[in-house]
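Student: Just data.cif, nothing more (mmCIF, C-alpha atoms):
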```cif
data_coords
#
loop_
_atom_site.group_PDB
_atom_site.id
_atom_site.type_symbol
_atom_site.label_atom_id
_atom_site.label_comp_id
_atom_site.auth_asym_id
_atom_site.auth_seq_id
_atom_site.Cartn_x
_atom_site.Cartn_y
_atom_site.Cartn_z
ATOM 1 C CA MET A 1 0.000 0.000 0.000
ATOM 2 C CA ALA A 2 2.852 2.379 0.841
ATOM 3 C CA SER A 3 4.030 2.343 -2.790
ATOM 4 C CA LYS A 4 1.091 4.584 -3.706
ATOM 5 C CA ILE A 5 2.723 7.421 -1.781
ATOM 6 C CA GLY A 6 6.377 8.230 -2.395
ATOM 7 C CA THR A 7 6.670 11.613 -0.688
ATOM 8 C CA ILE A 8 4.585 13.283 2.004
ATOM 9 C CA GLY A 9 4.572 17.005 2.705
ATOM 10 C CA VAL A 10 3.744 18.393 6.156
ATOM 11 C CA LEU A 11 2.831 21.925 7.227
ATOM 12 C CA THR A 12 1.412 23.735 10.243
ATOM 13 C CA SER A 13 -1.215 26.390 9.668
ATOM 14 C CA GLY A 14 -3.139 28.955 11.714
ATOM 15 C CA GLY A 15 -2.338 29.526 15.374
ATOM 16 C CA ASP A 16 0.562 27.575 16.844
ATOM 17 C CA ALA A 17 -0.088 25.030 19.591
ATOM 18 C CA PRO A 18 2.181 23.062 21.950
ATOM 19 C CA GLY A 19 2.527 19.544 20.555
ATOM 20 C CA MET A 20 2.679 20.516 16.894
ATOM 21 C CA ASN A 21 6.366 19.572 16.816
ATOM 22 C CA ALA A 22 5.522 16.152 18.242
ATOM 23 C CA ALA A 23 3.004 15.666 15.420
ATOM 24 C CA ILE A 24 5.544 16.726 12.769
ATOM 25 C CA ARG A 25 8.111 14.367 14.271
ATOM 26 C CA ALA A 26 5.619 11.502 14.167
ATOM 27 C CA VAL A 27 4.759 12.231 10.531
ATOM 28 C CA VAL A 28 8.428 12.164 9.583
ATOM 29 C CA ARG A 29 9.409 9.032 11.453
ATOM 30 C CA ARG A 30 6.249 7.048 10.731
ATOM 31 C CA ALA A 31 6.644 7.828 7.037
ATOM 32 C CA ILE A 32 10.333 6.892 6.971
ATOM 33 C CA SER A 33 9.512 3.578 8.687
ATOM 34 C CA GLN A 34 7.282 2.810 5.677
ATOM 35 C CA GLY A 35 9.811 3.869 3.064
ATOM 36 C CA ILE A 36 8.157 7.230 2.373
ATOM 37 C CA LYS A 37 10.107 10.479 2.034
ATOM 38 C CA VAL A 38 8.986 13.640 3.839
ATOM 39 C CA LYS A 39 9.229 17.302 2.908
ATOM 40 C CA GLY A 40 8.598 20.061 5.452
ATOM 41 C CA ILE A 41 6.769 23.180 4.268
ATOM 42 C CA TYR A 42 7.597 26.374 6.141
ATOM 43 C CA GLN A 43 5.017 29.029 7.128
ATOM 44 C CA GLY A 44 1.899 27.031 6.337
ATOM 45 C CA TYR A 45 -0.009 27.700 3.124
ATOM 46 C CA LYS A 46 1.968 30.894 2.612
ATOM 47 C CA GLY A 47 5.160 28.857 2.468
ATOM 48 C CA LEU A 48 3.515 26.333 0.154
ATOM 49 C CA LEU A 49 2.670 29.075 -2.343
ATOM 50 C CA ASN A 50 6.236 30.382 -2.095
ATOM 51 C CA ALA A 51 7.686 26.863 -2.359
ATOM 52 C CA GLU A 52 9.537 27.177 0.968
ATOM 53 C CA ILE A 53 10.125 23.444 1.177
ATOM 54 C CA THR A 54 12.894 21.315 2.684
ATOM 55 C CA ASP A 55 13.657 17.613 2.992
ATOM 56 C CA LEU A 56 13.116 16.155 6.459
ATOM 57 C CA ASP A 57 14.847 13.030 7.714
ATOM 58 C CA ALA A 58 14.763 11.342 11.113
ATOM 59 C CA ARG A 59 17.651 13.470 12.351
ATOM 60 C CA ALA A 60 15.885 16.712 11.379
ATOM 61 C CA VAL A 61 13.194 16.086 14.003
ATOM 62 C CA SER A 62 15.461 14.881 16.805
ATOM 63 C CA ASP A 63 14.848 16.592 20.163
ATOM 64 C CA THR A 64 11.754 18.420 18.886
ATOM 65 C CA VAL A 65 9.118 16.468 20.819
ATOM 66 C CA ALA A 66 9.586 18.615 23.934
ATOM 67 C CA GLN A 67 9.638 21.955 22.124
ATOM 68 C CA GLY A 68 6.637 24.263 22.089
ATOM 69 C CA GLY A 69 5.437 26.091 18.990
ATOM 70 C CA THR A 70 6.240 24.721 15.544
ATOM 71 C CA PHE A 71 9.703 24.592 14.007
ATOM 72 C CA LEU A 72 8.076 24.754 10.568
ATOM 73 C CA TYR A 73 6.567 28.114 11.575
ATOM 74 C CA THR A 74 3.062 29.213 10.670
ATOM 75 C CA ALA A 75 1.392 32.171 8.987
ATOM 76 C CA ARG A 76 -1.997 33.389 7.817
ATOM 77 C CA CYS A 77 -2.507 33.247 4.045
ATOM 78 C CA PRO A 78 -5.523 35.118 2.616
ATOM 79 C CA GLU A 79 -4.311 34.281 -0.893
ATOM 80 C CA PHE A 80 -4.921 30.574 -0.279
ATOM 81 C CA ARG A 81 -8.637 31.260 0.154
ATOM 82 C CA THR A 82 -8.828 32.050 -3.560
ATOM 83 C CA LEU A 83 -9.115 29.486 -6.337
ATOM 84 C CA GLU A 84 -5.924 30.826 -7.901
ATOM 85 C CA GLY A 85 -4.053 30.335 -4.634
ATOM 86 C CA GLN A 86 -5.386 26.815 -4.203
ATOM 87 C CA GLN A 87 -4.435 25.884 -7.764
ATOM 88 C CA ARG A 88 -0.958 27.298 -7.199
ATOM 89 C CA GLY A 89 -0.645 25.213 -4.016
ATOM 90 C CA ALA A 90 -1.571 22.026 -5.854
ATOM 91 C CA GLU A 91 0.882 22.908 -8.622
ATOM 92 C CA VAL A 92 3.718 23.407 -6.119
ATOM 93 C CA CYS A 93 2.960 20.018 -4.558
ATOM 94 C CA ARG A 94 3.252 18.361 -7.946
ATOM 95 C CA GLU A 95 6.426 20.272 -8.824
ATOM 96 C CA HIS A 96 8.079 18.961 -5.655
ATOM 97 C CA GLY A 97 6.815 15.408 -6.048
ATOM 98 C CA ILE A 98 4.533 15.606 -3.013
ATOM 99 C CA ASP A 99 1.996 12.777 -3.322
ATOM 100 C CA GLY A 100 0.266 13.421 -0.015
ATOM 101 C CA LEU A 101 0.002 16.361 2.376
ATOM 102 C CA VAL A 102 -0.515 16.467 6.162
ATOM 103 C CA VAL A 103 -2.033 19.748 7.349
ATOM 104 C CA ILE A 104 -1.819 20.418 11.102
ATOM 105 C CA GLY A 105 -4.167 23.217 12.156
ATOM 106 C CA GLY A 106 -7.780 24.195 12.771
ATOM 107 C CA ASP A 107 -11.022 24.475 10.836
ATOM 108 C CA GLY A 108 -9.688 27.131 8.447
ATOM 109 C CA SER A 109 -6.669 24.967 7.681
ATOM 110 C CA PHE A 110 -8.927 21.977 7.008
ATOM 111 C CA ALA A 111 -11.021 24.012 4.587
ATOM 112 C CA GLY A 112 -7.839 24.669 2.598
ATOM 113 C CA ALA A 113 -6.898 20.990 2.801
ATOM 114 C CA GLY A 114 -10.294 20.078 1.378
ATOM 115 C CA LYS A 115 -9.735 22.376 -1.588
ATOM 116 C CA LEU A 116 -6.370 20.758 -2.293
ATOM 117 C CA ALA A 117 -8.012 17.331 -2.141
ATOM 118 C CA GLU A 118 -10.522 18.499 -4.767
ATOM 119 C CA LEU A 119 -7.549 19.435 -6.951
ATOM 120 C CA GLY A 120 -6.096 15.936 -6.727
ATOM 121 C CA ILE A 121 -3.668 16.261 -3.806
ATOM 122 C CA ASN A 122 -4.134 13.498 -1.222
ATOM 123 C CA THR A 123 -4.613 15.487 1.973
ATOM 124 C CA ILE A 124 -5.107 14.626 5.670
ATOM 125 C CA GLY A 125 -5.909 17.139 8.413
ATOM 126 C CA VAL A 126 -4.636 16.880 11.987
ATOM 127 C CA PRO A 127 -6.422 19.036 14.611
ATOM 128 C CA GLY A 128 -3.965 21.475 16.157
ATOM 129 C CA THR A 129 -5.509 24.299 18.209
ATOM 130 C CA ILE A 130 -5.500 25.245 21.881
ATOM 131 C CA ASP A 131 -9.179 26.235 21.594
ATOM 132 C CA LEU A 132 -10.572 22.649 21.522
ATOM 133 C CA ASP A 133 -13.221 23.952 19.125
ATOM 134 C CA ILE A 134 -13.081 21.316 16.360
ATOM 135 C CA ALA A 135 -16.354 19.428 16.478
ATOM 136 C CA CYS A 136 -15.274 16.061 15.115
ATOM 137 C CA THR A 137 -12.782 15.369 17.905
ATOM 138 C CA GLU A 138 -12.711 15.351 21.707
ATOM 139 C CA TYR A 139 -9.027 16.339 21.681
ATOM 140 C CA THR A 140 -7.017 18.931 19.801
ATOM 141 C CA ILE A 141 -3.253 19.345 19.931
ATOM 142 C CA GLY A 142 -2.215 22.019 22.418
ATOM 143 C CA PHE A 143 -5.337 22.293 24.565
ATOM 144 C CA ASP A 144 -3.948 20.264 27.461
ATOM 145 C CA THR A 145 -0.766 22.340 27.675
ATOM 146 C CA ALA A 146 -2.611 25.641 27.273
ATOM 147 C CA VAL A 147 -5.184 24.899 29.955
ATOM 148 C CA ASN A 148 -2.464 23.779 32.377
ATOM 149 C CA THR A 149 -0.445 26.925 31.653
ATOM 150 C CA ALA A 150 -3.519 29.057 32.319
ATOM 151 C CA MET A 151 -4.389 27.108 35.465
ATOM 152 C CA GLU A 152 -0.926 27.639 36.957
ATOM 153 C CA ALA A 153 -1.000 31.357 36.123
ATOM 154 C CA ILE A 154 -4.452 31.773 37.684
ATOM 155 C CA ASP A 155 -3.253 30.063 40.874
ATOM 156 C CA LYS A 156 -0.537 32.710 41.117
ATOM 157 C CA VAL A 157 -2.967 35.556 40.513
ATOM 158 C CA ARG A 158 -5.213 34.143 43.228
ATOM 159 C CA ASP A 159 -2.354 34.386 45.732
ATOM 160 C CA THR A 160 -1.885 38.105 45.212
ATOM 161 C CA SER A 161 -5.623 38.677 44.899
ATOM 162 C CA THR A 162 -6.079 37.149 48.345
ATOM 163 C CA SER A 163 -3.233 39.208 49.813
ATOM 164 C CA HIS A 164 -4.882 42.446 48.649
ATOM 165 C CA GLU A 165 -8.470 41.228 49.172
ATOM 166 C CA ARG A 166 -9.201 41.971 45.511
ATOM 167 C CA CYS A 167 -11.522 40.848 42.812
ATOM 168 C CA SER A 168 -9.509 39.551 39.857
ATOM 169 C CA ILE A 169 -10.846 39.188 36.328
ATOM 170 C CA ILE A 170 -8.565 36.788 34.462
ATOM 171 C CA GLU A 171 -9.011 36.555 30.699
ATOM 172 C CA VAL A 172 -8.020 33.327 28.974
ATOM 173 C CA MET A 173 -7.763 32.470 25.291
ATOM 174 C CA GLY A 174 -10.085 30.337 23.173
ATOM 175 C CA ARG A 175 -11.452 32.726 20.528
ATOM 176 C CA HIS A 176 -15.219 32.153 20.492
ATOM 177 C CA ALA A 177 -15.044 28.864 22.415
ATOM 178 C CA GLY A 178 -15.199 28.661 26.206
ATOM 179 C CA TYR A 179 -13.359 25.401 26.846
ATOM 180 C CA ILE A 180 -10.223 26.889 28.408
ATOM 181 C CA ALA A 181 -12.340 29.208 30.560
ATOM 182 C CA LEU A 182 -14.650 26.398 31.675
ATOM 183 C CA TRP A 183 -11.845 24.012 32.552
ATOM 184 C CA CYS A 184 -9.890 26.702 34.403
ATOM 185 C CA GLY A 185 -13.009 27.889 36.187
ATOM 186 C CA ILE A 186 -13.448 24.410 37.651
ATOM 187 C CA ALA A 187 -9.750 23.700 38.215
ATOM 188 C CA ASN A 188 -9.033 27.058 39.854
ATOM 189 C CA GLY A 189 -12.192 27.248 41.927
ATOM 190 C CA ALA A 190 -13.390 30.490 40.353
ATOM 191 C CA GLU A 191 -16.367 32.296 41.819
ATOM 192 C CA ASP A 192 -17.667 33.236 38.355
ATOM 193 C CA ILE A 193 -16.996 31.787 34.878
ATOM 194 C CA LEU A 194 -17.943 33.848 31.827
ATOM 195 C CA LEU A 195 -18.355 31.797 28.656
ATOM 196 C CA PRO A 196 -19.228 33.084 25.155
ATOM 197 C CA GLU A 197 -21.718 30.247 24.757
ATOM 198 C CA THR A 198 -23.732 31.101 27.889
ATOM 199 C CA TYR A 199 -22.939 34.603 29.220
ATOM 200 C CA ASP A 200 -25.901 36.992 29.139
ATOM 201 C CA TYR A 201 -23.819 40.151 29.813
ATOM 202 C CA ASP A 202 -25.728 40.812 33.030
ATOM 203 C CA GLU A 203 -22.989 42.490 35.075
ATOM 204 C CA GLN A 204 -25.384 43.232 37.896
ATOM 205 C CA THR A 205 -25.459 39.510 38.686
ATOM 206 C CA LEU A 206 -21.653 39.534 38.945
ATOM 207 C CA ILE A 207 -21.764 42.613 41.153
ATOM 208 C CA ASN A 208 -24.374 41.065 43.444
ATOM 209 C CA ASN A 209 -22.325 37.871 43.711
ATOM 210 C CA ILE A 210 -19.172 39.788 44.655
ATOM 211 C CA ILE A 211 -21.034 41.758 47.322
ATOM 212 C CA GLU A 212 -22.648 38.600 48.722
ATOM 213 C CA CYS A 213 -19.316 36.728 48.810
ATOM 214 C CA ARG A 214 -17.710 39.661 50.614
ATOM 215 C CA ARG A 215 -20.589 39.733 53.121
ATOM 216 C CA ARG A 216 -19.931 36.047 53.867
ATOM 217 C CA GLY A 217 -16.301 36.817 54.634
ATOM 218 C CA LYS A 218 -14.715 35.881 51.291
ATOM 219 C CA LYS A 219 -11.400 37.752 50.963
ATOM 220 C CA HIS A 220 -10.981 37.459 47.210
ATOM 221 C CA HIS A 221 -13.111 36.887 44.113
ATOM 222 C CA ILE A 222 -11.897 35.224 40.914
ATOM 223 C CA ILE A 223 -13.747 35.745 37.639
ATOM 224 C CA ILE A 224 -12.546 33.704 34.656
ATOM 225 C CA ASN A 225 -13.407 35.606 31.485
ATOM 226 C CA ALA A 226 -13.202 33.972 28.054
ATOM 227 C CA GLU A 227 -11.494 35.743 25.167
ATOM 228 C CA GLY A 228 -14.727 35.642 23.175
ATOM 229 C CA ILE A 229 -16.244 38.032 25.719
ATOM 230 C CA GLY A 230 -13.145 40.129 26.365
ATOM 231 C CA HIS A 231 -13.145 43.760 27.575
ATOM 232 C CA SER A 232 -11.755 42.639 30.927
ATOM 233 C CA ALA A 233 -10.148 45.981 31.806
ATOM 234 C CA SER A 234 -13.324 48.028 31.311
ATOM 235 C CA MET A 235 -15.329 45.353 33.129
ATOM 236 C CA ALA A 236 -12.944 45.635 36.079
ATOM 237 C CA ARG A 237 -13.420 49.402 36.262
ATOM 238 C CA ARG A 238 -17.200 49.078 36.266
ATOM 239 C CA ILE A 239 -17.209 46.354 38.920
ATOM 240 C CA GLU A 240 -14.877 48.307 41.202
ATOM 241 C CA ALA A 241 -17.062 51.409 40.880
ATOM 242 C CA ALA A 242 -20.203 49.424 41.687
ATOM 243 C CA THR A 243 -18.853 47.308 44.553
ATOM 244 C CA GLY A 244 -16.092 49.383 46.115
ATOM 245 C CA VAL A 245 -13.907 46.262 45.921
ATOM 246 C CA GLU A 246 -10.508 46.788 44.326
ATOM 247 C CA THR A 247 -10.688 44.966 40.992
ATOM 248 C CA ARG A 248 -7.884 44.134 38.592
ATOM 249 C CA ALA A 249 -7.866 42.581 35.130
ATOM 250 C CA THR A 250 -5.186 40.135 34.007
ATOM 251 C CA ILE A 251 -5.058 39.039 30.372
ATOM 252 C CA LEU A 252 -2.963 35.883 30.081
ATOM 253 C CA GLY A 253 -2.677 36.175 26.296
ATOM 254 C CA HIS A 254 -0.234 34.278 24.124
ATOM 255 C CA MET A 255 1.704 32.730 27.006
ATOM 256 C CA GLN A 256 -0.983 30.035 26.763
ATOM 257 C CA ARG A 257 0.329 29.005 23.338
ATOM 258 C CA GLY A 258 3.914 28.607 24.481
ATOM 259 C CA GLY A 259 5.915 26.233 26.605
ATOM 260 C CA SER A 260 6.938 22.604 26.507
ATOM 261 C CA PRO A 261 3.908 20.393 25.761
ATOM 262 C CA THR A 262 2.451 18.124 28.422
ATOM 263 C CA CYS A 263 2.774 14.358 28.220
ATOM 264 C CA LYS A 264 -0.767 14.120 26.848
ATOM 265 C CA ASP A 265 -0.083 16.636 24.081
ATOM 266 C CA ARG A 266 3.143 14.872 23.131
ATOM 267 C CA VAL A 267 1.579 11.395 23.016
ATOM 268 C CA TYR A 268 -1.757 12.305 21.423
ATOM 269 C CA ALA A 269 -0.082 14.549 18.833
ATOM 270 C CA SER A 270 2.300 11.708 17.987
ATOM 271 C CA MET A 271 -0.581 9.293 17.514
ATOM 272 C CA MET A 272 -2.447 11.716 15.267
ATOM 273 C CA GLY A 273 0.620 12.460 13.156
ATOM 274 C CA ALA A 274 1.302 8.755 12.700
ATOM 275 C CA MET A 275 -2.324 8.035 11.805
ATOM 276 C CA ALA A 276 -2.256 10.762 9.146
ATOM 277 C CA VAL A 277 0.665 8.966 7.480
ATOM 278 C CA ASP A 278 -1.098 5.613 7.717
ATOM 279 C CA LEU A 279 -4.207 7.041 6.037
ATOM 280 C CA LEU A 280 -2.146 8.459 3.181
ATOM 281 C CA ALA A 281 -0.264 5.173 2.806
ATOM 282 C CA GLU A 282 -3.640 3.439 2.457
ATOM 283 C CA GLY A 283 -4.538 5.758 -0.398
ATOM 284 C CA ARG A 284 -6.986 7.824 1.683
ATOM 285 C CA SER A 285 -7.550 11.548 1.152
ATOM 286 C CA ASN A 286 -9.754 14.432 2.275
ATOM 287 C CA ARG A 287 -9.831 13.109 5.852
ATOM 288 C CA VAL A 288 -9.428 14.628 9.329
ATOM 289 C CA VAL A 289 -7.900 12.623 12.160
ATOM 290 C CA GLY A 290 -9.808 12.726 15.443
ATOM 291 C CA TYR A 291 -10.113 11.202 18.894
ATOM 292 C CA ARG A 292 -13.478 9.960 20.146
ATOM 293 C CA ASN A 293 -14.591 7.592 22.889
ATOM 294 C CA GLY A 294 -11.045 6.451 23.586
ATOM 295 C CA ASP A 295 -10.129 5.652 19.988
ATOM 296 C CA TRP A 296 -8.407 7.282 17.021
ATOM 297 C CA VAL A 297 -10.846 7.913 14.184
ATOM 298 C CA ASP A 298 -11.063 9.832 10.928
ATOM 299 C CA PHE A 299 -13.779 11.810 9.142
ATOM 300 C CA ASP A 300 -14.394 13.255 5.715
ATOM 301 C CA ILE A 301 -13.248 16.895 5.807
ATOM 302 C CA GLU A 302 -16.538 18.259 4.514
ATOM 303 C CA GLU A 303 -18.455 16.192 7.065
ATOM 304 C CA ALA A 304 -16.150 17.337 9.851
ATOM 305 C CA LEU A 305 -16.514 21.030 8.971
ATOM 306 C CA LYS A 306 -20.309 20.770 9.103
ATOM 307 C CA MET A 307 -20.330 19.332 12.622
ATOM 308 C CA GLN A 308 -21.372 21.530 15.544
ATOM 309 C CA LYS A 309 -19.701 21.463 18.947
ATOM 310 C CA HIS A 310 -21.258 22.514 22.246
ATOM 311 C CA LEU A 311 -19.959 22.774 25.791
ATOM 312 C CA PRO A 312 -20.992 19.658 27.763
ATOM 313 C CA ASP A 313 -24.242 20.447 29.576
ATOM 314 C CA TYR A 314 -23.390 18.341 32.620
ATOM 315 C CA MET A 315 -19.997 20.014 32.939
ATOM 316 C CA LEU A 316 -21.703 23.426 32.847
ATOM 317 C CA ARG A 317 -24.123 22.406 35.594
ATOM 318 C CA VAL A 318 -21.336 21.073 37.776
ATOM 319 C CA ALA A 319 -19.249 24.206 37.233
ATOM 320 C CA LYS A 320 -22.179 26.350 38.358
ATOM 321 C CA ALA A 321 -22.767 24.221 41.427
ATOM 322 C CA LEU A 322 -19.098 24.398 42.446
ATOM 323 C CA THR A 323 -19.060 28.199 42.409
ATOM 324 C CA ILE A 324 -21.539 28.379 45.322
#
```
Would you write out, as structure tokens, the structure that this file holds?

Tutor:
Amino acid sequence: MASKIGTIGVLTSGGDAPGMNAAIRAVVRRAISQGIKVKGIYQGYKGLLNAEITDLDARAVSDTVAQGGTFLYTARCPEFRTLEGQQRGAEVCREHGIDGLVVIGGDGSFAGAGKLAELGINTIGVPGTIDLDIACTEYTIGFDTAVNTAMEAIDKVRDTSTSHERCSIIEVMGRHAGYIALWCGIANGAEDILLPETYDYDEQTLINNIIECRRRGKKHHIIINAEGIGHSASMARRIEAATGVETRATILGHMQRGGSPTCKDRVYASMMGAMAVDLLAEGRSNRVVGYRNGDWVDFDIEEALKMQKHLPDYMLRVAKALTI
């Protein structure tokens, strides 16, 4: 089966995520074990259009599994959203003898992969995003590291918030998805968790909760605010004016994308990278690798992009109960 694919290309696209290097490493070494050559494409689809391509051997990915970010770099590429850009990408693949392409990224990256598949390039997507917002999979590369990074930072903010008897609004990443905020809200014991999927923008409820907690003798108040809601600094000013409680906003920002990946991100990313190679070696294309119900699975890209993802209802109910 492996004879159908002689050379695999691999790129990382969209936002970087801890564990991407582990996935690249797995692609390279799994392919080599099956007699397939690998070419690395720098700067995502932008690098593909510019033919920024290099040969990767087993040595090229040594000692990368513990590194955060992506050594192939990543970039946004508006040009690749056009038919001309997509045709150019397919042409570059053919010029460099790339029979199959592994795209590590999010939904936008998969949409581009689907277009390349339509143009005859065997393409497999691997979910790499700290946001955990890809519907076809329960796991995405980078989420575990990002949520642990945020959790540790919030613990530190809580210490100083307690010392000064403050209210702290801590903004975490996730774009329009509230997974990082929800997980940190539970893990850090936050008094309030603001999620894009559920928040009704009723600040009076927050204010009343802060006042009630203070009346009961609570010396600090932690509000986890998701990036999709944002405006943490102005929210802090309004809450302080309404409650008289010193309130500070902390935006954790891109630190959540950095750092050495956790064991889970290293192992799961490796499994997904290897599975992408196996699918290509079997002659498969236009697929997305996923993890569901304890098993590694794959979906048609178009099917995967149509899926909807929602925060687990039971988890939301538990989170609310734990903030009492």

Student: Hey, what's within 9 Å of A:Ile229 if we count only C-alpha atoms and toss same-chain stuff fewer than 3 positions away? As number ranges by chain, please?

Tutor: A: 171, 175-176, 194-196, 199, 201, 225-226, 232

Student: Quick one: of A:His221, A:Lys306, A:His231, A:Arg248, who's nearest to A:Thr323, counting only C-alpha atoms?

Tutor: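 Among A:His221, A:Lys306, A:His231, A:Arg248, it is A:His221 that comes nearest to A:Thr323.
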
Student: Written as number ranges by chain, what is the full residue list that the PyMOL selection byres ((chain A and resi 187-192) around 12) yields on the file shown?

Tutor: A: 147-159, 167-170, 180-186, 193-195, 199, 203, 205-214, 218-226, 316, 318-324

Student: I need the output of the PyMOL selection byres ((chain A and resi 59-74) around 7) for this file as a PyMOL selection string; which residues are they?

Tutor: chain A and resi 11-14+16-22+25+40-44+56-58+75+258-261+266

Student: With C-alpha atoms retained, write the just-selected residues as a compact mmCIF listing (two decimals), in the coordinates of the input.

Tutor:
```
# COMPACT_ATOMS: atom_id res chain seq x y z
CA LEU A 11 2.83 21.92 7.23
CA THR A 12 1.41 23.74 10.24
CA SER A 13 -1.22 26.39 9.67
CA GLY A 14 -3.14 28.96 11.71
CA ASP A 16 0.56 27.58 16.84
CA ALA A 17 -0.09 25.03 19.59
CA PRO A 18 2.18 23.06 21.95
CA GLY A 19 2.53 19.54 20.56
CA MET A 20 2.68 20.52 16.89
CA ASN A 21 6.37 19.57 16.82
CA ALA A 22 5.52 16.15 18.24
CA ARG A 25 8.11 14.37 14.27
CA GLY A 40 8.60 20.06 5.45
CA ILE A 41 6.77 23.18 4.27
CA TYR A 42 7.60 26.37 6.14
CA GLN A 43 5.02 29.03 7.13
CA GLY A 44 1.90 27.03 6.34
CA LEU A 56 13.12 16.16 6.46
CA ASP A 57 14.85 13.03 7.71
CA ALA A 58 14.76 11.34 11.11
CA ALA A 75 1.39 32.17 8.99
CA GLY A 258 3.91 28.61 24.48
CA GLY A 259 5.92 26.23 26.60
CA SER A 260 6.94 22.60 26.51
CA PRO A 261 3.91 20.39 25.76
CA ARG A 266 3.14 14.87 23.13
```

Student: Report the distance between atom CA of A:Leu305 and atom CA of A:Gly108 in Å, rounded to one decimal place.

Tutor: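 Spanning atom CA of A:Leu305 to atom CA of A:Gly108 is a straight-line distance of 9.2 Å.
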
Student: Give me the residues near A:Val27 as a PyMOL selection string, where near means some atom within 10 Å (using only C-alpha atoms) and where sequence neighbours in that chain fewer than 3 positions away do not count.

Tutor: chain A and resi 8-10+21-24+30-32+38+61+102+269-278

Student: Separation of atom CA of A:Gly174 and atom CA of A:Glu227, in Å?

Tutor: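 Between atom CA of A:Gly174 and atom CA of A:Glu227 the gap works out to 5.9 Å.
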
Student: Nearest to A:Glu303 among A:Arg216, A:Ile251, A:Ala111, A:Pro78, with distances taken over all atoms listed in the file: which residue is it?

Tutor: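 Between A:Arg216, A:Ile251, A:Ala111, A:Pro78, the residue approaching A:Glu303 most closely is A:Ala111.
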
Student: In Å, how far is it from atom CA of A:Arg284 to atom CA of A:Asp99?

Tutor: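 One can read the atom CA of A:Arg284 to atom CA of A:Asp99 distance as 11.4 Å.
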
Student: Please expand the PyMOL selection byres ((chain A and resi 137) around 9) into the concrete residues it hits in this file, giving the result as a list in words.

Tutor: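 In the shown coordinates, the PyMOL selection byres ((chain A and resi 137) around 9) covers Pro127, Leu132, Asp133, Ile134, Ala135, Cys136, Glu138, Tyr139, Thr140, Val289, Gly290, Tyr291, Arg292, Val297 and Ala304 of chain A.
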
Student: Nearest residue to A:Thr145 out of A:Met235, A:Ala177, A:Ala26, A:Met255, using all atoms listed in the file?

Tutor: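 Distance minimum relative to A:Thr145 lands on A:Met255.
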
Student: Fix up stretch 46-57 of chain A with N, CA and C atoms, then write it as a PDB file, in the frame of the given file.

Tutor:
```pdb
ATOM      1  N   LYS A  46       1.157  29.822   3.190  1.00  0.00           N
ATOM      2  CA  LYS A  46       1.968  30.894   2.612  1.00  0.00           C
ATOM      3  C   LYS A  46       3.282  30.335   2.092  1.00  0.00           C
ATOM      4  N   GLY A  47       3.909  29.479   2.888  1.00  0.00           N
ATOM      5  CA  GLY A  47       5.160  28.857   2.468  1.00  0.00           C
ATOM      6  C   GLY A  47       4.967  27.892   1.318  1.00  0.00           C
ATOM      7  N   LEU A  48       3.801  27.234   1.280  1.00  0.00           N
ATOM      8  CA  LEU A  48       3.515  26.333   0.154  1.00  0.00           C
ATOM      9  C   LEU A  48       3.468  27.121  -1.150  1.00  0.00           C
ATOM     10  N   LEU A  49       2.766  28.265  -1.123  1.00  0.00           N
ATOM     11  CA  LEU A  49       2.670  29.075  -2.343  1.00  0.00           C
ATOM     12  C   LEU A  49       4.028  29.617  -2.765  1.00  0.00           C
ATOM     13  N   ASN A  50       4.900  29.869  -1.790  1.00  0.00           N
ATOM     14  CA  ASN A  50       6.236  30.382  -2.095  1.00  0.00           C
ATOM     15  C   ASN A  50       7.271  29.279  -2.257  1.00  0.00           C
ATOM     16  N   ALA A  51       6.809  28.026  -2.202  1.00  0.00           N
ATOM     17  CA  ALA A  51       7.686  26.863  -2.359  1.00  0.00           C
ATOM     18  C   ALA A  51       8.839  26.863  -1.357  1.00  0.00           C
ATOM     19  N   GLU A  52       8.533  27.222  -0.106  1.00  0.00           N
ATOM     20  CA  GLU A  52       9.537  27.177   0.968  1.00  0.00           C
ATOM     21  C   GLU A  52       9.517  25.765   1.549  1.00  0.00           C
ATOM     22  N   ILE A  53      10.226  24.873   0.911  1.00  0.00           N
ATOM     23  CA  ILE A  53      10.125  23.444   1.177  1.00  0.00           C
ATOM     24  C   ILE A  53      11.511  22.858   1.408  1.00  0.00           C
ATOM     25  N   THR A  54      11.619  21.955   2.377  1.00  0.00           N
ATOM     26  CA  THR A  54      12.894  21.315   2.684  1.00  0.00           C
ATOM     27  C   THR A  54      12.690  19.835   2.941  1.00  0.00           C
ATOM     28  N   ASP A  55      13.713  19.042   2.690  1.00  0.00           N
ATOM     29  CA  ASP A  55      13.657  17.613   2.992  1.00  0.00           C
ATOM     30  C   ASP A  55      13.800  17.406   4.499  1.00  0.00           C
ATOM     31  N   LEU A  56      13.027  16.493   5.043  1.00  0.00           N
ATOM     32  CA  LEU A  56      13.116  16.155   6.459  1.00  0.00           C
ATOM     33  C   LEU A  56      13.472  14.684   6.601  1.00  0.00           C
ATOM     34  N   ASP A  57      14.515  14.413   7.389  1.00  0.00           N
ATOM     35  CA  ASP A  57      14.847  13.030   7.714  1.00  0.00           C
ATOM     36  C   ASP A  57      14.680  12.837   9.220  1.00  0.00           C
TER      37      ASP A  57
END
```
